[in-house]
$ cat my_file_6.cif   # mmCIF, N, CA and C atoms
data_protein
#
loop_
_atom_site.label_atom_id
_atom_site.label_comp_id
_atom_site.auth_asym_id
_atom_site.auth_seq_id
_atom_site.Cartn_x
_atom_site.Cartn_y
_atom_site.Cartn_z
N MET G 22 123.28 91.31 170.22
CA MET G 22 122.23 90.69 169.46
C MET G 22 120.93 91.44 169.75
N SER G 23 120.23 91.87 168.72
CA SER G 23 118.98 92.61 168.91
C SER G 23 117.87 91.67 169.32
N ALA G 24 116.74 92.27 169.70
CA ALA G 24 115.59 91.49 170.15
C ALA G 24 115.03 90.62 169.03
N THR G 25 115.23 91.00 167.77
CA THR G 25 114.68 90.23 166.66
C THR G 25 115.65 89.16 166.15
N GLU G 26 116.92 89.22 166.54
CA GLU G 26 117.89 88.23 166.12
C GLU G 26 117.92 87.08 167.12
N SER G 27 118.10 85.90 166.60
CA SER G 27 118.22 84.73 167.45
C SER G 27 118.99 83.66 166.68
N PRO G 28 119.50 82.65 167.38
CA PRO G 28 120.18 81.56 166.67
C PRO G 28 119.26 80.87 165.66
N VAL G 29 117.98 80.78 165.97
CA VAL G 29 117.03 80.17 165.04
C VAL G 29 116.89 81.04 163.80
N ARG G 30 116.76 82.33 163.98
CA ARG G 30 116.63 83.26 162.86
C ARG G 30 117.88 83.20 161.99
N ASP G 31 119.05 83.10 162.61
CA ASP G 31 120.30 82.98 161.85
C ASP G 31 120.27 81.73 160.96
N ALA G 32 119.79 80.63 161.51
CA ALA G 32 119.70 79.39 160.74
C ALA G 32 118.74 79.55 159.57
N ILE G 33 117.62 80.21 159.80
CA ILE G 33 116.61 80.40 158.75
C ILE G 33 117.15 81.30 157.64
N THR G 34 117.81 82.39 158.01
CA THR G 34 118.29 83.32 156.99
C THR G 34 119.43 82.74 156.16
N SER G 35 120.08 81.70 156.65
CA SER G 35 121.16 81.08 155.88
C SER G 35 120.67 80.00 154.92
N CYS G 36 119.35 79.75 154.90
CA CYS G 36 118.79 78.72 154.01
C CYS G 36 118.92 79.12 152.55
N ARG G 37 119.06 78.10 151.71
CA ARG G 37 119.10 78.31 150.26
C ARG G 37 118.08 77.39 149.61
N PRO G 38 117.44 77.82 148.55
CA PRO G 38 116.47 76.95 147.88
C PRO G 38 117.17 75.76 147.20
N THR G 39 116.43 74.68 147.05
CA THR G 39 116.92 73.51 146.32
C THR G 39 115.93 73.19 145.20
N ASN G 40 116.29 72.25 144.40
CA ASN G 40 115.42 71.84 143.31
C ASN G 40 114.46 70.73 143.71
N ALA G 41 114.50 70.29 144.95
CA ALA G 41 113.63 69.21 145.40
C ALA G 41 112.18 69.68 145.44
N THR G 42 111.30 68.80 144.99
CA THR G 42 109.87 69.10 144.95
C THR G 42 109.21 68.50 146.18
N PRO G 43 108.50 69.31 146.99
CA PRO G 43 107.78 68.77 148.15
C PRO G 43 106.63 67.87 147.69
N VAL G 44 106.47 66.73 148.36
CA VAL G 44 105.41 65.80 148.00
C VAL G 44 104.64 65.35 149.24
N THR G 45 103.40 64.93 148.99
CA THR G 45 102.55 64.33 150.01
C THR G 45 102.54 62.83 149.78
N ILE G 46 102.71 62.07 150.85
CA ILE G 46 102.73 60.61 150.77
C ILE G 46 101.47 60.07 151.45
N ASP G 47 100.73 59.23 150.75
CA ASP G 47 99.59 58.54 151.36
C ASP G 47 100.14 57.38 152.16
N ALA G 48 99.78 57.31 153.44
CA ALA G 48 100.30 56.26 154.31
C ALA G 48 99.96 54.87 153.78
N ASP G 49 98.81 54.73 153.11
CA ASP G 49 98.43 53.44 152.56
C ASP G 49 99.41 52.94 151.50
N SER G 50 100.18 53.85 150.91
CA SER G 50 101.12 53.44 149.87
C SER G 50 102.41 52.87 150.46
N LEU G 51 102.61 53.01 151.76
CA LEU G 51 103.80 52.47 152.41
C LEU G 51 103.58 51.00 152.73
N ASP G 52 104.46 50.13 152.27
CA ASP G 52 104.33 48.70 152.53
C ASP G 52 104.68 48.33 153.96
N SER G 53 105.47 49.16 154.61
CA SER G 53 105.96 48.86 155.96
C SER G 53 106.36 50.17 156.63
N LEU G 54 106.44 50.12 157.94
CA LEU G 54 106.96 51.27 158.68
C LEU G 54 108.33 50.95 159.29
N SER G 55 108.93 49.87 158.82
CA SER G 55 110.26 49.51 159.33
C SER G 55 111.28 50.54 158.87
N THR G 56 112.30 50.72 159.67
CA THR G 56 113.35 51.68 159.35
C THR G 56 114.03 51.34 158.03
N THR G 57 114.25 50.07 157.78
CA THR G 57 114.90 49.66 156.54
C THR G 57 114.06 50.07 155.33
N TYR G 58 112.78 49.78 155.38
CA TYR G 58 111.90 50.14 154.27
C TYR G 58 111.81 51.66 154.11
N LEU G 59 111.62 52.37 155.23
CA LEU G 59 111.51 53.83 155.15
C LEU G 59 112.81 54.46 154.63
N ARG G 60 113.94 53.89 154.97
CA ARG G 60 115.21 54.38 154.44
C ARG G 60 115.23 54.24 152.92
N ASP G 61 114.74 53.10 152.42
CA ASP G 61 114.68 52.89 150.97
C ASP G 61 113.73 53.88 150.30
N VAL G 62 112.60 54.14 150.95
CA VAL G 62 111.64 55.13 150.42
C VAL G 62 112.31 56.50 150.36
N LYS G 63 112.98 56.86 151.44
CA LYS G 63 113.66 58.15 151.52
C LYS G 63 114.73 58.28 150.44
N ASP G 64 115.50 57.22 150.23
CA ASP G 64 116.53 57.23 149.20
C ASP G 64 115.92 57.38 147.81
N GLU G 65 114.82 56.68 147.57
CA GLU G 65 114.16 56.75 146.26
C GLU G 65 113.56 58.14 146.03
N LEU G 66 112.98 58.72 147.06
CA LEU G 66 112.45 60.08 146.94
C LEU G 66 113.58 61.05 146.58
N ARG G 67 114.70 60.92 147.27
CA ARG G 67 115.84 61.80 147.02
C ARG G 67 116.34 61.63 145.58
N ALA G 68 116.38 60.38 145.10
CA ALA G 68 116.84 60.11 143.74
C ALA G 68 115.93 60.76 142.70
N GLU G 69 114.65 60.93 143.05
CA GLU G 69 113.67 61.55 142.14
C GLU G 69 113.57 63.07 142.36
N ASP G 70 114.43 63.62 143.21
CA ASP G 70 114.39 65.04 143.59
C ASP G 70 113.08 65.43 144.27
N TYR G 71 112.58 64.53 145.10
CA TYR G 71 111.40 64.80 145.92
C TYR G 71 111.83 64.94 147.37
N THR G 72 111.08 65.73 148.10
CA THR G 72 111.28 65.83 149.54
C THR G 72 109.92 65.65 150.21
N PRO G 73 109.82 64.72 151.16
CA PRO G 73 108.53 64.49 151.81
C PRO G 73 108.12 65.70 152.65
N ASP G 74 106.93 66.19 152.39
CA ASP G 74 106.41 67.34 153.13
C ASP G 74 105.30 66.90 154.09
N GLU G 75 104.46 65.99 153.62
CA GLU G 75 103.29 65.60 154.40
C GLU G 75 103.04 64.10 154.23
N LEU G 76 102.64 63.47 155.32
CA LEU G 76 102.19 62.09 155.31
C LEU G 76 100.72 62.13 155.69
N VAL G 77 99.86 61.46 154.90
CA VAL G 77 98.42 61.48 155.15
C VAL G 77 97.97 60.08 155.55
N LEU G 78 97.31 60.00 156.70
CA LEU G 78 96.86 58.72 157.26
C LEU G 78 95.34 58.73 157.42
N GLU G 79 94.67 57.78 156.78
CA GLU G 79 93.23 57.62 156.97
C GLU G 79 93.01 56.75 158.19
N THR G 80 92.17 57.24 159.11
CA THR G 80 91.87 56.50 160.33
C THR G 80 90.36 56.35 160.48
N CYS G 81 89.97 55.59 161.51
CA CYS G 81 88.56 55.34 161.75
C CYS G 81 88.30 55.36 163.26
N PHE G 82 87.52 56.31 163.69
CA PHE G 82 87.16 56.42 165.11
C PHE G 82 85.66 56.26 165.30
N ASP G 83 85.03 55.41 164.49
CA ASP G 83 83.58 55.30 164.53
C ASP G 83 83.06 54.22 165.48
N GLU G 84 83.96 53.61 166.25
CA GLU G 84 83.53 52.63 167.25
C GLU G 84 83.61 53.25 168.64
N ASP G 85 82.58 53.01 169.44
CA ASP G 85 82.56 53.49 170.83
C ASP G 85 83.21 52.43 171.71
N CYS G 86 84.52 52.26 171.50
CA CYS G 86 85.27 51.21 172.19
C CYS G 86 86.67 51.73 172.48
N SER G 87 87.05 51.70 173.72
CA SER G 87 88.37 52.19 174.11
C SER G 87 89.49 51.41 173.43
N PHE G 88 89.31 50.11 173.25
CA PHE G 88 90.35 49.29 172.60
C PHE G 88 90.52 49.67 171.14
N ALA G 89 89.40 49.89 170.45
CA ALA G 89 89.47 50.28 169.03
C ALA G 89 90.13 51.65 168.90
N THR G 90 89.79 52.57 169.80
CA THR G 90 90.41 53.89 169.78
C THR G 90 91.91 53.77 170.02
N GLN G 91 92.30 52.94 170.98
CA GLN G 91 93.72 52.75 171.28
C GLN G 91 94.46 52.16 170.09
N ASP G 92 93.83 51.21 169.40
CA ASP G 92 94.46 50.62 168.21
C ASP G 92 94.72 51.69 167.15
N GLU G 93 93.75 52.57 166.93
CA GLU G 93 93.94 53.63 165.93
C GLU G 93 95.00 54.63 166.37
N ILE G 94 95.02 54.97 167.65
CA ILE G 94 96.03 55.90 168.16
C ILE G 94 97.42 55.28 168.06
N ASP G 95 97.52 53.97 168.26
CA ASP G 95 98.81 53.29 168.08
C ASP G 95 99.27 53.44 166.63
N ARG G 96 98.34 53.32 165.68
CA ARG G 96 98.68 53.53 164.26
C ARG G 96 99.15 54.97 164.03
N VAL G 97 98.46 55.94 164.65
CA VAL G 97 98.84 57.34 164.50
C VAL G 97 100.26 57.54 165.03
N ARG G 98 100.55 56.99 166.21
CA ARG G 98 101.90 57.14 166.78
C ARG G 98 102.97 56.53 165.88
N ALA G 99 102.68 55.36 165.32
CA ALA G 99 103.64 54.72 164.42
C ALA G 99 103.89 55.59 163.19
N HIS G 100 102.86 56.25 162.72
CA HIS G 100 103.01 57.11 161.54
C HIS G 100 103.66 58.46 161.89
N ILE G 101 103.55 58.89 163.14
CA ILE G 101 104.31 60.07 163.58
C ILE G 101 105.80 59.74 163.46
N ASP G 102 106.18 58.57 163.94
CA ASP G 102 107.58 58.15 163.87
C ASP G 102 108.04 58.05 162.41
N ALA G 103 107.17 57.50 161.56
CA ALA G 103 107.51 57.36 160.14
C ALA G 103 107.67 58.73 159.49
N ALA G 104 106.76 59.65 159.79
CA ALA G 104 106.85 61.00 159.23
C ALA G 104 108.15 61.66 159.66
N ALA G 105 108.49 61.53 160.93
CA ALA G 105 109.74 62.12 161.43
C ALA G 105 110.94 61.50 160.74
N TYR G 106 110.94 60.20 160.57
CA TYR G 106 112.07 59.52 159.93
C TYR G 106 112.22 59.97 158.47
N LEU G 107 111.09 60.09 157.78
CA LEU G 107 111.13 60.49 156.38
C LEU G 107 111.48 61.97 156.20
N GLY G 108 111.29 62.75 157.26
CA GLY G 108 111.55 64.19 157.18
C GLY G 108 110.32 65.00 156.83
N ALA G 109 109.14 64.38 156.87
CA ALA G 109 107.89 65.11 156.61
C ALA G 109 107.60 66.02 157.79
N THR G 110 107.14 67.21 157.51
CA THR G 110 106.86 68.16 158.59
C THR G 110 105.45 68.02 159.14
N THR G 111 104.57 67.34 158.40
CA THR G 111 103.17 67.24 158.81
C THR G 111 102.66 65.82 158.65
N LEU G 112 101.91 65.37 159.65
CA LEU G 112 101.11 64.15 159.55
C LEU G 112 99.66 64.60 159.61
N THR G 113 98.93 64.38 158.53
CA THR G 113 97.51 64.71 158.50
C THR G 113 96.72 63.44 158.74
N VAL G 114 95.90 63.46 159.78
CA VAL G 114 95.06 62.33 160.15
C VAL G 114 93.65 62.63 159.66
N THR G 115 93.15 61.81 158.73
CA THR G 115 91.81 62.03 158.19
C THR G 115 90.86 60.99 158.78
N PHE G 116 89.63 61.44 159.03
CA PHE G 116 88.59 60.54 159.54
C PHE G 116 87.24 61.18 159.26
N ASP G 117 86.22 60.32 159.08
CA ASP G 117 84.89 60.81 158.73
C ASP G 117 83.96 60.95 159.92
N ALA G 118 84.15 60.13 160.94
CA ALA G 118 83.22 60.13 162.06
C ALA G 118 83.97 59.85 163.36
N VAL G 119 83.36 60.29 164.45
CA VAL G 119 83.88 60.02 165.79
C VAL G 119 82.72 59.55 166.64
N ALA G 120 82.81 58.30 167.10
CA ALA G 120 81.71 57.74 167.90
C ALA G 120 81.66 58.37 169.29
N GLU G 121 82.83 58.55 169.90
CA GLU G 121 82.86 59.08 171.26
C GLU G 121 84.02 60.06 171.40
N ALA G 122 83.73 61.34 171.22
CA ALA G 122 84.77 62.38 171.25
C ALA G 122 85.52 62.41 172.57
N SER G 123 84.85 62.05 173.67
CA SER G 123 85.51 62.09 174.98
C SER G 123 86.62 61.05 175.09
N LYS G 124 86.63 60.04 174.24
CA LYS G 124 87.71 59.05 174.22
C LYS G 124 88.78 59.43 173.19
N VAL G 125 88.34 59.98 172.07
CA VAL G 125 89.24 60.24 170.95
C VAL G 125 90.04 61.53 171.14
N ARG G 126 89.38 62.59 171.60
CA ARG G 126 90.05 63.89 171.71
C ARG G 126 91.30 63.84 172.59
N PRO G 127 91.24 63.28 173.83
CA PRO G 127 92.46 63.26 174.64
C PRO G 127 93.57 62.39 174.03
N ALA G 128 93.18 61.32 173.35
CA ALA G 128 94.17 60.46 172.72
C ALA G 128 94.86 61.20 171.57
N LEU G 129 94.09 61.92 170.77
CA LEU G 129 94.68 62.70 169.68
C LEU G 129 95.51 63.86 170.21
N SER G 130 95.08 64.44 171.32
CA SER G 130 95.83 65.53 171.93
C SER G 130 97.21 65.03 172.39
N ALA G 131 97.24 63.85 173.00
CA ALA G 131 98.51 63.27 173.43
C ALA G 131 99.38 62.95 172.21
N ALA G 132 98.75 62.47 171.13
CA ALA G 132 99.50 62.19 169.90
C ALA G 132 100.07 63.47 169.31
N ALA G 133 99.32 64.56 169.38
CA ALA G 133 99.80 65.85 168.88
C ALA G 133 101.02 66.32 169.66
N GLU G 134 101.01 66.12 170.98
CA GLU G 134 102.16 66.47 171.80
C GLU G 134 103.38 65.63 171.42
N ARG G 135 103.15 64.36 171.21
CA ARG G 135 104.26 63.50 170.80
C ARG G 135 104.81 63.93 169.44
N ALA G 136 103.90 64.23 168.52
CA ALA G 136 104.33 64.68 167.19
C ALA G 136 105.19 65.94 167.32
N HIS G 137 104.76 66.87 168.15
CA HIS G 137 105.51 68.11 168.35
C HIS G 137 106.93 67.81 168.85
N ARG G 138 107.04 66.88 169.78
CA ARG G 138 108.37 66.50 170.29
C ARG G 138 109.24 65.89 169.19
N GLU G 139 108.60 65.24 168.23
CA GLU G 139 109.33 64.60 167.12
C GLU G 139 109.58 65.56 165.95
N GLY G 140 109.10 66.80 166.07
CA GLY G 140 109.30 67.77 165.00
C GLY G 140 108.28 67.68 163.89
N VAL G 141 107.14 67.07 164.18
CA VAL G 141 106.08 66.88 163.20
C VAL G 141 104.83 67.60 163.70
N THR G 142 104.12 68.25 162.77
CA THR G 142 102.84 68.88 163.12
C THR G 142 101.73 67.89 162.82
N LEU G 143 100.88 67.62 163.81
CA LEU G 143 99.73 66.74 163.61
C LEU G 143 98.54 67.60 163.24
N GLU G 144 97.99 67.35 162.05
CA GLU G 144 96.80 68.07 161.61
C GLU G 144 95.66 67.08 161.50
N LEU G 145 94.46 67.54 161.85
CA LEU G 145 93.27 66.70 161.78
C LEU G 145 92.39 67.15 160.65
N ASP G 146 91.91 66.19 159.87
CA ASP G 146 90.97 66.45 158.80
C ASP G 146 89.76 65.58 159.07
N GLY G 147 88.85 66.10 159.88
CA GLY G 147 87.67 65.36 160.27
C GLY G 147 86.79 66.21 161.15
N PRO G 148 85.76 65.58 161.72
CA PRO G 148 84.77 66.35 162.49
C PRO G 148 85.18 66.66 163.93
N LEU G 149 86.47 66.63 164.21
CA LEU G 149 86.97 66.88 165.56
C LEU G 149 88.20 67.76 165.46
N SER G 150 88.34 68.69 166.40
CA SER G 150 89.53 69.52 166.45
C SER G 150 90.11 69.47 167.86
N LEU G 151 91.33 69.90 167.97
CA LEU G 151 91.99 69.89 169.29
C LEU G 151 91.99 71.27 169.89
#
$ encode --input "my_file_6.cif" --output "structure tokens"
Amino acid sequence: MSATESPVRDAITSCRPTNATPVTIDADSLDSLSTTYLRDVKDELRAEDYTPDELVLETCFDEDCSFATQDEIDRVRAHIDAAAYLGATTLTVTFDAVAEASKVRPALSAAAERAHREGVTLELDGPLSL
């Protein structure tokens, strides 16, 4: 096996295109994050020849309160799980303001690590980066 060949590369080169259209799902459009509901969403997407590519979650970090930050991070974690279950490769977290970056940044960093373990890329769309 050469230096450029690997089991991962073999898997990639054996891929074939499908007719499924990648779609972005707004998290607000999901009625529930239960496995049963998400399974139904996944089945309906498949029936329409859609494949979930991205889940977009609007969040709010404009309170200087550790409890409020934790509540939002709990929502992010729940949506990481939902994105992974649906097969979306990206969870984009959008927010307009950050009251206290020293509380939010480490929490989002930990969420990004969790997302990576679940096979999801966490992207931030707001005034803070990791």
$ residues_near_point --input "my_file_6.cif" --point "(113.9, 59.5, 158.9)" --cutoff "8 Å" --atoms "all atoms listed in the file" --output "number ranges by chain"
G: 56, 59-60, 63, 102-109
$ residues_near_point --input "my_file_6.cif" --point "(78.7, 57.0, 168.5)" --cutoff "6.5 Å" --atoms "only N, CA and C atoms" --output "number ranges by chain"
G: 83-85, 119-121
$ resolve_selection --input "my_file_6.cif" --expression "the PyMOL selection byres ((chain G and resi 134-149) around 7)" --output "VMD selection string"
chain G and resid 101 104 to 105 109 to 119 129 to 133 150 to 151
$ closest_residue --input "my_file_6.cif" --among "G:Arg98, G:Asp49, G:Lys124, G:Thr57" --to "G:Cys86" --atoms "all atoms listed in the file"
G:Lys124
$ resolve_selection --input "my_file_6.cif" --expression "the PyMOL selection byres (((chain G and resi 30-45 and name CA) around 8) and name CA)" --output "count of residues only"
15
$ atom_distance --input "my_file_6.cif" --atom1 "atom CA of G:Ala122" --atom2 "atom CA of G:Thr90"
10.3 Å
$ atom_distance --input "my_file_6.cif" --atom1 "atom CA of G:Cys81" --atom2 "atom CA of G:Ser55"
22.6 Å
$ select_by_dssp --input "my_file_6.cif" --residues "stretch 40-144 of chain G" --states "helix (DSSP H, G or I)" --output "PyMOL selection string"
chain G and resi 48-50+56-68+87-107+122-138
$ select_by_dssp --input "my_file_6.cif" --residues "stretch 41-140 of chain G" --states "strand (DSSP E)" --output "PyMOL selection string"
chain G and resi 42-47+71-79+111-115
$ atom_distance --input "my_file_6.cif" --atom1 "atom CA of G:Asp52" --atom2 "atom CA of G:Phe82"
22.6 Å
$ axis_aligned_box --input "my_file_6.cif" --around "stretch 48-54 of chain G" --padding-each-side "8 Å" --output "AutoDock Vina command-line options"
--center_x 103.4 --center_y 52.8 --center_z 154.6 --size_x 25.9 --size_y 25.0 --size_z 25.4
